[in-house]
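I have placed the structure first, in the form of structure tokens, so that the comments after it can refer back to it.
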Amino acid sequence: MFGHKTYGLLPASLLALLAVLPVGLAWSIFESREAKEKPLNQVLASEKSLSTYYDLVKQYPDILLQLPSYSGVTLVAPDNDAFEKFHDWDPQNKTLVTNLLEYHILQGTVSTASVPVGVSTFAPTLLTDRAYSNVTGGQQMLINKGGDDVVVFTSGLGSRSTVVKPDLAFKGGLIQIVDTLMVPPARLEPTARDAYKDLQSFLGALYTADLVSEFADSTDVTIFAPRNSAFQIVAGTLEDLSKDELADILRYHLVPKQVMSSTEFQNGTNLTTASDAIPDLELHVIRSGNNMYFNRAQLLQPDILIANGVVHIIDAVLNPAAAAATPDPAIGTQAPVFPVTGSKTATGTKVPVPFTTGLPCTSDCPITSSAVSEPTGTADGPTTTSTGFRGSSSNGAGGFAARCTGVPAAGVAAAMLVGAVGMDFVGLV
């Protein structure tokens with residue numbers, strides 16, 4: 001995946017990482033050792049912009065004590081300004097801080113030079129707490145490098161963290177200094193309802209068909225989620241279906257037991273879905289120029305991280321009875337694979353947004369399915385969420401470019417709560 005440098009972490013070199021411990025624990029062992037890279041404590045102490053991060057590492061040294069024997073690690077270290085953006089979290093909250101710091105440690109050394117330009121790549125972290133991660137091998141983040149060689153880490157709820165000082169070597173790995181804290185990916189429910197409001201119809205359909213648990217609780221999933229206007233165009237057809245018929249259609253949007261980034265979808269790839277109507281029914285990947293289609297549905301927004309996998313936003317509802325449908329790349333908008341019912345405009349945004357009445361009530365209720373003149377969100381990124389997170393406008397080359405850095409200062413603590421896998425305590429499941 002990346003050009004990993006082998007450091008051969010043995011118990012001794014793990015302790016080298018822990019030269020940050022009080023009273024110089026094991027310090028004398030390493031002062032006499034010759035090494036090209038400095039111990040972690042020396043590197044952190046020399047970077048004045050990392051004093052807050054350094055204090056947290058010293059306060060919670062167990063995080064580094066428990067490092068497994070990877071071929072090095074990469075610390076994605078937020079600078080002081082990143083911590084200053086947030087004021088409502090408690091650094092004495094050991095569980096929160098531990099999970100946050102573990103999510104900022106990548107497995108293996110990842111240099112910015114090894115990140116390919118224009119290719120979004122998943123990278124596993126050390127966060128394995130089941131409260132925040134339901135993917136195999138550690139919760140993931142997304143790494144992207146733009147044409148200007150700026151590297152951006154994407155985490156939960158659309159948070160973007162830009163590398164402001166790259167590739168600081170220490171004995172055991174690398175440090176990438178970033179300007180924003182990363183947030184562990186949230187469950188599907190708050191991601192679709194609040195962070196990406198253009199997925200509320202899809203989420204409502206899952207509630208209507210009693211499929212939320214299957215989509216949100218299963219380990220390692222890839223979900224193809226149609227935007228609101230896709231449901232609006234065929235609203236009359238879908239709302240007349242029985243719950244079982246609707247469930248058959250929605251399961252065709254789920255690829256189980258795999259977490260697949262958009263870069264893995266090569267032309268001609270066939271993906272086995274969770275469809276019950278036809279066992280092992282496949283979804284077909286078609287690439288034409290810069291456009292990507294799944295059957296006839298075009299990819300709009302790729303690689304949205306959730307607690308148990310990834311979501312890709314598409315522009316049409318998939319039909320398991322029309323699995324052979326293919327696009328005509330010469331036209332901008334493909335014909336739906338269901339009968340068009342009740343739509344008076346090309347995008348269908350004048351008709352009521354279906355299934356939103358199936359969403360459970362929260363403090364933002366009521367949510368109605370009233371007609372809207374524009375989509376209730378955009379596939380370009382997250383809108384304001386119930387936790388105050390907001391994505392920025394697109395920045396960079398191509399449709400897959402990372403958006404501008406930042407997460408508004410609503411607070412890391414609130415985001416960590418939304419990121420937890422168990423969401424029943426906030427009324428979302």
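FYI, nothing fancy with the structure tokens labels: chains A, B, ... in order, residues from 1 per chain, ligands from 1 as they appear.
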For Ser51 in chain A: contacts at 8 Å, only C-alpha atoms, fewer than 4 positions along chain excluded, given as a ChimeraX atom specification = /A:44-45,47,55,79-80
Would you put the residues from that selection into a file with N, CA and C atoms, as a short mmCIF file (atom, residue, chain, number, x, y, z; two decimals), in the first residue's frame?
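Listing of part.cif after writing:
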```
data_model
loop_
_atom_site.label_atom_id
_atom_site.label_comp_id
_atom_site.auth_asym_id
_atom_site.auth_seq_id
_atom_site.Cartn_x
_atom_site.Cartn_y
_atom_site.Cartn_z
N LEU A 44 9.45 15.12 20.10
CA LEU A 44 8.27 15.86 20.55
C LEU A 44 8.66 17.11 21.34
N ALA A 45 9.65 16.99 22.18
CA ALA A 45 10.08 18.14 22.98
C ALA A 45 10.64 19.25 22.12
N GLU A 47 9.61 20.03 19.15
CA GLU A 47 8.56 20.64 18.33
C GLU A 47 7.61 21.42 19.24
N ASP A 55 2.09 16.58 26.03
CA ASP A 55 1.56 16.47 27.40
C ASP A 55 0.58 15.31 27.53
N ASP A 79 -1.39 19.69 15.98
CA ASP A 79 -0.61 20.76 16.59
C ASP A 79 -1.43 21.48 17.65
N ASN A 80 -0.79 22.41 18.34
CA ASN A 80 -1.47 23.12 19.43
C ASN A 80 -2.72 23.84 18.95
#
```
Excluding Thr272 in chain A and its own-chain neighbours fewer than 3 positions away, which residues fall within 6 Å of it when counting only C-alpha atoms? Please give them as an mmCIF file with all heavy atoms, in the first residue's frame.
```cif
data_model
loop_
_atom_site.group_PDB
_atom_site.id
_atom_site.type_symbol
_atom_site.label_atom_id
_atom_site.label_comp_id
_atom_site.auth_asym_id
_atom_site.auth_seq_id
_atom_site.Cartn_x
_atom_site.Cartn_y
_atom_site.Cartn_z
ATOM 1 N N ASP A 280 -26.451 -14.175 -4.008
ATOM 2 C CA ASP A 280 -25.166 -13.849 -4.639
ATOM 3 C C ASP A 280 -25.317 -12.951 -5.861
ATOM 4 O O ASP A 280 -24.465 -12.948 -6.754
ATOM 5 C CB ASP A 280 -24.416 -15.124 -5.037
ATOM 6 C CG ASP A 280 -24.075 -16.003 -3.838
ATOM 7 O OD1 ASP A 280 -23.792 -15.447 -2.768
ATOM 8 O OD2 ASP A 280 -24.104 -17.234 -3.989
ATOM 9 N N LEU A 281 -26.400 -12.162 -5.898
ATOM 10 C CA LEU A 281 -26.597 -11.246 -7.021
ATOM 11 C C LEU A 281 -25.488 -10.202 -7.012
ATOM 12 O O LEU A 281 -25.167 -9.617 -5.979
ATOM 13 C CB LEU A 281 -27.961 -10.566 -6.921
ATOM 14 C CG LEU A 281 -28.360 -9.672 -8.100
ATOM 15 C CD1 LEU A 281 -28.469 -10.490 -9.376
ATOM 16 C CD2 LEU A 281 -29.679 -8.959 -7.801
ATOM 17 N N GLU A 282 -24.918 -9.942 -8.171
ATOM 18 C CA GLU A 282 -23.759 -9.061 -8.250
ATOM 19 C C GLU A 282 -24.126 -7.663 -8.723
ATOM 20 O O GLU A 282 -25.097 -7.458 -9.446
ATOM 21 C CB GLU A 282 -22.714 -9.675 -9.192
ATOM 22 C CG GLU A 282 -22.074 -10.935 -8.637
ATOM 23 C CD GLU A 282 -21.019 -11.508 -9.559
ATOM 24 O OE1 GLU A 282 -21.139 -11.339 -10.791
ATOM 25 O OE2 GLU A 282 -20.065 -12.121 -9.040
#
```
Could you give me the residues within range 127-336 of chain A that DSSP places in strand (DSSP E), as a PyMOL selection string?
-> chain A and resi 140-145+151-154+160-170+173-178+221-226+254-256+270-272+282-288+291-294+297-306+309-314
Can you pull out the residues contacting Ile306 in chain A? Cut-off 10 Å, using only C-alpha atoms, and skip same-chain residues under 3 positions away; I want them as a short mmCIF file (atom, residue, chain, number, x, y, z; two decimals) with N, CA, C and O atoms, in the first residue's frame.
```cif
data_model
loop_
_atom_site.label_atom_id
_atom_site.label_comp_id
_atom_site.auth_asym_id
_atom_site.auth_seq_id
_atom_site.Cartn_x
_atom_site.Cartn_y
_atom_site.Cartn_z
N TYR A 132 -15.98 2.15 19.16
CA TYR A 132 -15.72 3.10 18.09
C TYR A 132 -15.33 2.44 16.77
O TYR A 132 -15.17 3.12 15.77
N SER A 133 -15.16 1.13 16.79
CA SER A 133 -14.67 0.47 15.58
C SER A 133 -15.35 -0.87 15.41
O SER A 133 -15.32 -1.71 16.32
N ASN A 134 -15.94 -1.08 14.25
CA ASN A 134 -16.55 -2.36 13.92
C ASN A 134 -16.03 -2.82 12.56
O ASN A 134 -16.77 -3.27 11.71
N VAL A 135 -14.72 -2.61 12.37
CA VAL A 135 -14.05 -3.09 11.17
C VAL A 135 -12.87 -3.95 11.59
O VAL A 135 -12.28 -3.75 12.66
N GLN A 139 -9.74 0.57 13.24
CA GLN A 139 -10.52 1.59 12.54
C GLN A 139 -9.63 2.33 11.54
O GLN A 139 -8.44 2.53 11.77
N GLN A 140 -10.24 2.76 10.44
CA GLN A 140 -9.44 3.31 9.35
C GLN A 140 -9.61 4.82 9.20
O GLN A 140 -10.55 5.41 9.70
N MET A 141 -8.65 5.39 8.50
CA MET A 141 -8.76 6.76 8.02
C MET A 141 -8.42 6.73 6.53
O MET A 141 -7.96 5.71 6.00
N SER A 155 -11.22 11.69 8.23
CA SER A 155 -11.72 10.81 9.28
C SER A 155 -13.24 10.90 9.33
O SER A 155 -13.89 11.20 8.34
N GLY A 156 -13.83 10.62 10.48
CA GLY A 156 -15.27 10.54 10.59
C GLY A 156 -15.97 11.87 10.41
O GLY A 156 -15.41 12.94 10.69
N LEU A 157 -17.23 11.80 9.93
CA LEU A 157 -18.08 12.98 9.76
C LEU A 157 -17.46 14.02 8.84
O LEU A 157 -17.69 15.21 8.97
N PRO A 184 -12.97 9.59 15.13
CA PRO A 184 -13.33 8.24 14.70
C PRO A 184 -14.66 8.23 13.96
O PRO A 184 -15.60 8.95 14.34
N PRO A 185 -14.78 7.45 12.90
CA PRO A 185 -16.02 7.43 12.12
C PRO A 185 -17.24 7.11 12.98
O PRO A 185 -17.17 6.27 13.89
N ALA A 186 -18.34 7.77 12.66
CA ALA A 186 -19.59 7.57 13.39
C ALA A 186 -20.35 6.38 12.81
O ALA A 186 -20.02 5.85 11.74
N ARG A 187 -21.40 5.99 13.50
CA ARG A 187 -22.31 4.99 12.97
C ARG A 187 -22.98 5.51 11.70
O ARG A 187 -22.97 6.71 11.39
N LEU A 188 -23.59 4.59 10.97
CA LEU A 188 -24.31 4.97 9.76
C LEU A 188 -25.42 5.96 10.04
O LEU A 188 -25.62 6.92 9.28
N GLU A 189 -26.14 5.78 11.16
CA GLU A 189 -27.32 6.61 11.42
C GLU A 189 -27.00 8.10 11.51
O GLU A 189 -27.57 8.91 10.76
N PRO A 190 -26.09 8.54 12.40
CA PRO A 190 -25.79 9.98 12.44
C PRO A 190 -25.06 10.47 11.20
O PRO A 190 -25.20 11.64 10.83
N THR A 191 -24.30 9.59 10.56
CA THR A 191 -23.61 10.00 9.33
C THR A 191 -24.62 10.34 8.25
O THR A 191 -24.52 11.37 7.58
N ALA A 192 -25.62 9.47 8.07
CA ALA A 192 -26.61 9.67 7.01
C ALA A 192 -27.65 10.70 7.38
O ALA A 192 -28.18 11.40 6.51
N ALA A 216 -25.95 -1.25 9.81
CA ALA A 216 -25.13 -0.46 10.73
C ALA A 216 -24.37 -1.29 11.76
O ALA A 216 -23.40 -0.80 12.33
N ASP A 220 -17.59 -4.86 8.78
CA ASP A 220 -16.97 -4.76 7.45
C ASP A 220 -18.02 -4.72 6.33
O ASP A 220 -18.34 -5.74 5.71
N VAL A 221 -18.54 -3.53 6.07
CA VAL A 221 -19.54 -3.39 5.01
C VAL A 221 -19.13 -2.28 4.04
O VAL A 221 -18.43 -1.33 4.40
N THR A 222 -19.58 -2.42 2.81
CA THR A 222 -19.52 -1.36 1.81
C THR A 222 -20.94 -1.08 1.38
O THR A 222 -21.66 -1.99 0.95
N ILE A 223 -21.37 0.17 1.53
CA ILE A 223 -22.76 0.56 1.27
C ILE A 223 -22.80 1.55 0.12
O ILE A 223 -22.03 2.52 0.08
N ASP A 303 -16.15 7.09 -0.58
CA ASP A 303 -15.26 6.91 0.57
C ASP A 303 -15.67 7.72 1.80
O ASP A 303 -14.87 8.46 2.38
N GLY A 309 -17.52 0.43 8.32
CA GLY A 309 -17.11 0.30 6.93
C GLY A 309 -17.08 1.61 6.18
O GLY A 309 -16.54 2.61 6.66
N VAL A 310 -17.69 1.63 4.99
CA VAL A 310 -17.61 2.80 4.12
C VAL A 310 -18.90 2.94 3.34
O VAL A 310 -19.57 1.96 3.01
N VAL A 311 -19.26 4.20 3.04
CA VAL A 311 -20.44 4.52 2.23
C VAL A 311 -19.98 5.25 0.98
O VAL A 311 -19.10 6.13 1.03
N GLY A 419 -19.51 9.18 17.39
CA GLY A 419 -18.73 8.14 16.74
C GLY A 419 -18.87 6.79 17.39
O GLY A 419 -18.49 5.78 16.82
N VAL A 421 -20.11 3.25 18.56
CA VAL A 421 -20.95 2.27 17.90
C VAL A 421 -22.28 2.13 18.62
O VAL A 421 -23.32 1.97 18.01
#
```
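In this model, the gap between CA of Tyr207 in chain A and CA of Phe122 in chain A comes to 29.0 Å.
With only C-alpha atoms taken into account, the protein and nucleic acid residues at most 7 Å from Ala77 in chain A (excluding it and anything under 2 positions from it in its own chain) are Tyr53, Leu75, Asp79, His104, Ile175, Gln176, Ile177 and Val178 of chain A.
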CA of Asp210 in chain A to CA of Ser262 in chain A, straight-line distance in Å =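 That distance, rounded to one decimal, is 27.7 Å.
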DSSP helix (DSSP H, G or I) residues within range 68-187 of chain A, listed as a list of chain:residue names =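 So, restricting range 68-187 of chain A to helix (DSSP H, G or I), we get A:Asn80, A:Asp81, A:Ala82, A:Phe83, A:Glu84, A:Lys94, A:Thr95, A:Leu96, A:Val97, A:Thr98, A:Asn99, A:Leu100, A:Leu101, A:Glu102, A:Tyr103, A:Thr112, A:Ala113, A:Ser114, A:Gly156, A:Leu157, A:Gly158.
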Name the residues in contact with Phe153 in chain A at a cut-off of 10 Å, using only C-alpha atoms, excluding same-chain residues fewer than 3 positions from it; report them as a PyMOL selection string.
-> chain A and resi 76+120-123+141-145+159-163+178+180-182+402+405
Please identify all polymer residues within 8 Å of Gly358 in chain A, counting only C-alpha atoms, omitting same-chain residues fewer than 6 positions from it, and present them as an mmCIF file with N, CA, C and O atoms, in the first residue's frame.
```
data_model
loop_
_atom_site.group_PDB
_atom_site.id
_atom_site.type_symbol
_atom_site.label_atom_id
_atom_site.label_comp_id
_atom_site.auth_asym_id
_atom_site.auth_seq_id
_atom_site.Cartn_x
_atom_site.Cartn_y
_atom_site.Cartn_z
ATOM 1 N N GLY A 204 -34.117 6.633 6.066
ATOM 2 C CA GLY A 204 -35.527 6.398 6.372
ATOM 3 C C GLY A 204 -36.045 5.114 5.761
ATOM 4 O O GLY A 204 -36.856 4.388 6.357
ATOM 5 N N ALA A 205 -35.575 4.799 4.548
ATOM 6 C CA ALA A 205 -35.975 3.547 3.905
ATOM 7 C C ALA A 205 -35.463 2.342 4.695
ATOM 8 O O ALA A 205 -36.166 1.329 4.828
ATOM 9 N N TYR A 207 -34.984 2.247 7.944
ATOM 10 C CA TYR A 207 -35.867 2.119 9.106
ATOM 11 C C TYR A 207 -37.200 1.504 8.699
ATOM 12 O O TYR A 207 -37.734 0.625 9.388
ATOM 13 N N THR A 208 -37.737 1.934 7.574
ATOM 14 C CA THR A 208 -39.028 1.428 7.114
ATOM 15 C C THR A 208 -38.968 -0.073 6.860
ATOM 16 O O THR A 208 -39.918 -0.809 7.144
#
```
For each of A:Ala230, A:Val97, A:Arg251, A:Thr136, take the minimum atom-to-atom distance to Asp276 in chain A, counting only C-alpha atoms, then give the residue where this is smallest.
->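 With only C-alpha atoms as the atom set, the closest residue is A:Arg251.
Here the question is which of A:Asp88, A:Gly173, A:Ser49, A:Asp244 gets nearest to Ile105 in chain A using only C-alpha atoms, and that residue is A:Gly173.
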Of the candidates A:Thr263, A:Gln298, A:Thr109, A:Asn228, which one gets nearest to Leu203 in chain A if we count only C-alpha atoms?
-> A:Asn228
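The coordinates place CA of Val351 in chain A at 28.4 Å from CA of Ser275 in chain A.
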Name the residues in contact with range 333-335 of chain A at a cut-off of 10 Å, using only C-alpha atoms, excluding same-chain residues fewer than 2 positions from it; report them as a ChimeraX atom specification.
-> /A:296-298,315-316,325-331,337-340,346-347
Write the residues you've just listed into a file as a short mmCIF file (atom, residue, chain, number, x, y, z; two decimals), in the first residue's frame, and include all heavy atoms for each of them.
```cif
data_model
loop_
_atom_site.label_atom_id
_atom_site.label_comp_id
_atom_site.auth_asym_id
_atom_site.auth_seq_id
_atom_site.Cartn_x
_atom_site.Cartn_y
_atom_site.Cartn_z
N ARG A 296 -26.23 1.14 -13.55
CA ARG A 296 -26.47 2.41 -14.23
C ARG A 296 -26.33 3.61 -13.30
O ARG A 296 -26.44 4.77 -13.73
CB ARG A 296 -27.86 2.39 -14.87
CG ARG A 296 -28.10 3.50 -15.88
CD ARG A 296 -29.49 3.41 -16.48
NE ARG A 296 -29.60 2.24 -17.38
CZ ARG A 296 -30.75 1.81 -17.89
NH1 ARG A 296 -31.88 2.41 -17.57
NH2 ARG A 296 -30.76 0.76 -18.69
N ALA A 297 -26.11 3.37 -12.02
CA ALA A 297 -26.03 4.47 -11.05
C ALA A 297 -24.61 5.04 -11.02
O ALA A 297 -23.63 4.30 -10.90
CB ALA A 297 -26.42 3.97 -9.67
N GLN A 298 -24.51 6.36 -11.10
CA GLN A 298 -23.19 6.99 -11.12
C GLN A 298 -22.71 7.32 -9.71
O GLN A 298 -23.49 7.73 -8.84
CB GLN A 298 -23.24 8.28 -11.94
CG GLN A 298 -21.85 8.93 -12.12
CD GLN A 298 -21.89 10.09 -13.10
OE1 GLN A 298 -22.90 10.35 -13.74
NE2 GLN A 298 -20.78 10.80 -13.22
N ASP A 315 -26.20 8.21 -7.56
CA ASP A 315 -27.26 9.12 -8.00
C ASP A 315 -28.57 8.42 -8.36
O ASP A 315 -29.50 9.06 -8.84
CB ASP A 315 -26.78 9.95 -9.20
CG ASP A 315 -26.66 9.15 -10.49
OD1 ASP A 315 -26.69 7.89 -10.43
OD2 ASP A 315 -26.54 9.78 -11.57
N ALA A 316 -28.65 7.10 -8.14
CA ALA A 316 -29.87 6.38 -8.51
C ALA A 316 -30.07 5.19 -7.59
O ALA A 316 -29.10 4.65 -7.03
CB ALA A 316 -29.80 5.89 -9.97
N ALA A 325 -28.56 -3.65 -16.19
CA ALA A 325 -28.64 -2.28 -16.71
C ALA A 325 -27.25 -1.68 -16.81
O ALA A 325 -26.42 -1.81 -15.91
CB ALA A 325 -29.52 -1.43 -15.81
N THR A 326 -26.99 -1.00 -17.90
CA THR A 326 -25.71 -0.35 -18.12
C THR A 326 -25.94 1.12 -18.47
O THR A 326 -27.00 1.49 -18.97
CB THR A 326 -24.92 -1.03 -19.26
OG1 THR A 326 -25.73 -1.02 -20.45
CG2 THR A 326 -24.58 -2.46 -18.89
N PRO A 327 -24.94 1.96 -18.22
CA PRO A 327 -25.10 3.39 -18.50
C PRO A 327 -24.77 3.73 -19.95
O PRO A 327 -24.11 2.96 -20.65
CB PRO A 327 -24.10 4.03 -17.55
CG PRO A 327 -22.98 3.03 -17.51
CD PRO A 327 -23.65 1.67 -17.56
N ASP A 328 -25.22 4.90 -20.35
CA ASP A 328 -24.77 5.50 -21.60
C ASP A 328 -23.91 6.70 -21.21
O ASP A 328 -24.44 7.78 -20.93
CB ASP A 328 -25.96 5.94 -22.45
CG ASP A 328 -25.52 6.60 -23.77
OD1 ASP A 328 -24.30 6.73 -23.97
OD2 ASP A 328 -26.40 6.99 -24.57
N PRO A 329 -22.59 6.53 -21.15
CA PRO A 329 -21.73 7.61 -20.68
C PRO A 329 -21.82 8.88 -21.51
O PRO A 329 -21.36 9.94 -21.06
CB PRO A 329 -20.33 6.99 -20.77
CG PRO A 329 -20.56 5.52 -20.74
CD PRO A 329 -21.84 5.31 -21.47
N ALA A 330 -22.41 8.80 -22.70
CA ALA A 330 -22.51 9.98 -23.56
C ALA A 330 -23.54 10.96 -23.06
O ALA A 330 -23.56 12.12 -23.49
CB ALA A 330 -22.83 9.56 -24.99
N ILE A 331 -24.46 10.53 -22.17
CA ILE A 331 -25.48 11.43 -21.65
C ILE A 331 -25.21 11.70 -20.18
O ILE A 331 -24.64 10.87 -19.48
CB ILE A 331 -26.90 10.86 -21.85
CG1 ILE A 331 -27.07 9.53 -21.09
CG2 ILE A 331 -27.19 10.67 -23.33
CD1 ILE A 331 -28.48 8.97 -21.18
N VAL A 337 -34.00 2.95 -13.29
CA VAL A 337 -34.29 1.53 -13.55
C VAL A 337 -35.60 1.11 -12.88
O VAL A 337 -35.91 -0.07 -12.80
CB VAL A 337 -33.13 0.64 -13.05
CG1 VAL A 337 -31.92 0.81 -13.95
CG2 VAL A 337 -32.79 0.95 -11.61
N PHE A 338 -36.35 2.10 -12.40
CA PHE A 338 -37.72 1.90 -11.91
C PHE A 338 -38.63 2.85 -12.69
O PHE A 338 -38.16 3.86 -13.23
CB PHE A 338 -37.83 2.24 -10.42
CG PHE A 338 -37.09 1.31 -9.51
CD1 PHE A 338 -35.79 1.59 -9.10
CD2 PHE A 338 -37.69 0.16 -9.02
CE1 PHE A 338 -35.11 0.76 -8.25
CE2 PHE A 338 -37.01 -0.69 -8.17
CZ PHE A 338 -35.72 -0.40 -7.79
N PRO A 339 -39.93 2.58 -12.73
CA PRO A 339 -40.85 3.55 -13.32
C PRO A 339 -40.77 4.89 -12.59
O PRO A 339 -40.68 4.94 -11.36
CB PRO A 339 -42.23 2.90 -13.12
CG PRO A 339 -41.95 1.45 -12.99
CD PRO A 339 -40.62 1.35 -12.30
N VAL A 340 -40.74 5.99 -13.34
CA VAL A 340 -40.72 7.33 -12.76
C VAL A 340 -42.14 7.70 -12.39
O VAL A 340 -43.03 7.72 -13.24
CB VAL A 340 -40.13 8.35 -13.73
CG1 VAL A 340 -40.19 9.75 -13.14
CG2 VAL A 340 -38.68 7.98 -14.06
N ALA A 346 -36.51 17.24 -13.78
CA ALA A 346 -35.48 16.27 -14.15
C ALA A 346 -34.87 15.61 -12.92
O ALA A 346 -34.48 14.45 -12.96
CB ALA A 346 -34.39 16.96 -14.97
N THR A 347 -34.76 16.36 -11.83
CA THR A 347 -34.13 15.81 -10.65
C THR A 347 -35.13 15.26 -9.64
O THR A 347 -34.76 14.62 -8.68
CB THR A 347 -33.28 16.88 -9.94
OG1 THR A 347 -34.14 17.95 -9.51
CG2 THR A 347 -32.22 17.42 -10.86
#
```
Considering only C-alpha atoms, state which residue in the set A:Leu106, A:Val119, A:Leu126, A:Val317 is at the smallest distance from Arg227 in chain A.
->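 Distance minimum relative to Arg227 in chain A lands on A:Val317.
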Name the closest residue to His284 in chain A among the candidates A:Asp148, A:Tyr252, A:Val259, A:Asp179; distances are taken between atoms, counting only C-alpha atoms.
->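 So, comparing all the options, the nearest one is A:Tyr252.
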